[in-house]
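Okay, structure first, notes after.
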Amino acid sequence: MINKKYSQPLFMIFMSFGMSLIIGGAVTLVHTGFGEGFFNRLLDAFIYSFPLAVIAAFTMAPIMRPLVNKIASKD
């Protein structure tokens, strides 16, 4: 098992993976349609989108966490 202190970064990586797959699939579907080679085009999009999503998650989390805590703590 992985140490509990790595749960937040691991969560962000898994979330980035899922979001890249879903958004990449949706954008690929809209732009090229579901036909021959769809999954290859999706993989091509995913190869670029996943690293960018991970970078965005790790960059934005420290900025957004205090904002969300401030908004969510209001009664």
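Labels for the structure tokens follow display order: chains A, B, ..., residues from 1 in each chain, ligands from 1.
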| Distance query Leu52 in chain A at most 9 Å, only C-alpha atoms, self and fewer than 4 positions along chain excluded, as number ranges by chain | A: 16, 20, 48, 56-57
Would you save the residues of that selection, restricted to all heavy atoms, as an mmCIF file, in the first residue's frame?
data_model
loop_
_atom_site.group_PDB
_atom_site.id
_atom_site.type_symbol
_atom_site.label_atom_id
_atom_site.label_comp_id
_atom_site.auth_asym_id
_atom_site.auth_seq_id
_atom_site.Cartn_x
_atom_site.Cartn_y
_atom_site.Cartn_z
ATOM 1 N N SER A 16 -6.767 13.696 -13.005
ATOM 2 C CA SER A 16 -6.268 14.214 -14.282
ATOM 3 C C SER A 16 -6.376 13.160 -15.375
ATOM 4 O O SER A 16 -6.739 13.467 -16.515
ATOM 5 C CB SER A 16 -4.801 14.651 -14.145
ATOM 6 O OG SER A 16 -4.666 15.682 -13.216
ATOM 7 N N SER A 20 -8.787 13.820 -18.517
ATOM 8 C CA SER A 20 -8.144 13.859 -19.837
ATOM 9 C C SER A 20 -8.789 12.861 -20.787
ATOM 10 O O SER A 20 -9.005 13.157 -21.964
ATOM 11 C CB SER A 20 -6.651 13.543 -19.718
ATOM 12 O OG SER A 20 -6.001 14.512 -18.959
ATOM 13 N N TYR A 48 -1.093 14.142 -25.176
ATOM 14 C CA TYR A 48 -0.802 15.554 -24.906
ATOM 15 C C TYR A 48 -1.611 16.093 -23.734
ATOM 16 O O TYR A 48 -1.123 16.906 -22.955
ATOM 17 C CB TYR A 48 -1.083 16.410 -26.147
ATOM 18 C CG TYR A 48 -0.136 16.119 -27.280
ATOM 19 C CD1 TYR A 48 -0.522 15.336 -28.353
ATOM 20 C CD2 TYR A 48 1.157 16.615 -27.272
ATOM 21 C CE1 TYR A 48 0.349 15.050 -29.396
ATOM 22 C CE2 TYR A 48 2.046 16.342 -28.300
ATOM 23 C CZ TYR A 48 1.627 15.554 -29.359
ATOM 24 O OH TYR A 48 2.495 15.283 -30.365
ATOM 25 N N ALA A 56 -1.578 21.233 -14.699
ATOM 26 C CA ALA A 56 -2.629 22.171 -14.291
ATOM 27 C C ALA A 56 -3.148 21.854 -12.896
ATOM 28 O O ALA A 56 -3.357 22.763 -12.079
ATOM 29 C CB ALA A 56 -3.777 22.146 -15.301
ATOM 30 N N ALA A 57 -3.356 20.589 -12.593
ATOM 31 C CA ALA A 57 -3.872 20.202 -11.272
ATOM 32 C C ALA A 57 -2.903 20.600 -10.165
ATOM 33 O O ALA A 57 -3.304 21.174 -9.151
ATOM 34 C CB ALA A 57 -4.138 18.699 -11.235
#
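Residues with any atom within 9 Å of Met15 in chain A, counting only C-alpha atoms and excluding same-chain neighbours fewer than 3 positions away, are A:Leu10, A:Phe11, A:Met12, A:Gly18, A:Met19, A:Ser20, A:Ala53, A:Val54, A:Ala57.
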Selected residues written out with N, CA, C and O atoms, as a CSV table (one decimal), in the first residue's frame:
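Okay, this is what ended up in part_37.csv:
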chain,number,residue,atom,x,y,z
A,10,LEU,N,-1.8,11.6,-5.5
A,10,LEU,CA,-2.3,10.5,-6.2
A,10,LEU,C,-3.7,10.7,-6.7
A,10,LEU,O,-4.0,10.4,-7.8
A,11,PHE,N,-4.5,11.3,-5.8
A,11,PHE,CA,-5.8,11.7,-6.2
A,11,PHE,C,-5.8,12.7,-7.4
A,11,PHE,O,-6.6,12.5,-8.4
A,12,MET,N,-4.9,13.7,-7.4
A,12,MET,CA,-4.9,14.6,-8.5
A,12,MET,C,-4.4,14.0,-9.8
A,12,MET,O,-4.9,14.3,-10.9
A,18,GLY,N,-8.6,10.6,-15.6
A,18,GLY,CA,-10.0,10.5,-15.9
A,18,GLY,C,-10.5,11.7,-16.7
A,18,GLY,O,-11.2,11.5,-17.7
A,19,MET,N,-10.2,12.8,-16.3
A,19,MET,CA,-10.7,14.0,-17.0
A,19,MET,C,-10.1,14.1,-18.4
A,19,MET,O,-10.8,14.5,-19.3
A,20,SER,N,-8.8,13.8,-18.5
A,20,SER,CA,-8.1,13.9,-19.8
A,20,SER,C,-8.8,12.9,-20.8
A,20,SER,O,-9.0,13.2,-22.0
A,53,ALA,N,-2.9,18.2,-18.0
A,53,ALA,CA,-3.9,18.1,-16.9
A,53,ALA,C,-3.2,17.9,-15.6
A,53,ALA,O,-3.6,18.5,-14.6
A,54,VAL,N,-2.1,17.1,-15.5
A,54,VAL,CA,-1.4,16.9,-14.3
A,54,VAL,C,-0.7,18.2,-13.9
A,54,VAL,O,-0.8,18.6,-12.7
A,57,ALA,N,-3.4,20.6,-12.6
A,57,ALA,CA,-3.9,20.2,-11.3
A,57,ALA,C,-2.9,20.6,-10.2
A,57,ALA,O,-3.3,21.2,-9.2
| field | Who sits within 12 Å of Ala45 in chain A, only C-alpha atoms, same chain under 6 positions skipped, as JSON, numbers by chain | value | {"A": [20, 21, 22, 23, 24, 25, 26, 27, 28, 29, 31, 32, 38, 39, 51, 52, 53]}
| task | For CA of Thr59 in chain A and CA of Met1 in chain A, quote the distance in Å rounded to one decimal. | result | 26.4 Å
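Minimum atom-to-atom distance to Gln8 in chain A, evaluated using only C-alpha atoms, belongs to A:Ala61 out of A:Ile71, A:Ala61, A:Leu42, A:Ile55.
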| request: Quick one: pull the distance between CA of Val30 in chain A and CA of Phe17 in chain A, Å, one decimal. | output: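 Taking CA of Val30 in chain A as the start and CA of Phe17 in chain A as the end point, the length is 19.9 Å.
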| field | Atomic distance CA of Ser7 in chain A - CA of Met64 in chain A, expressed in Å with one decimal | value |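 Interatomic distance, CA of Ser7 in chain A to CA of Met64 in chain A: 17.9 Å.
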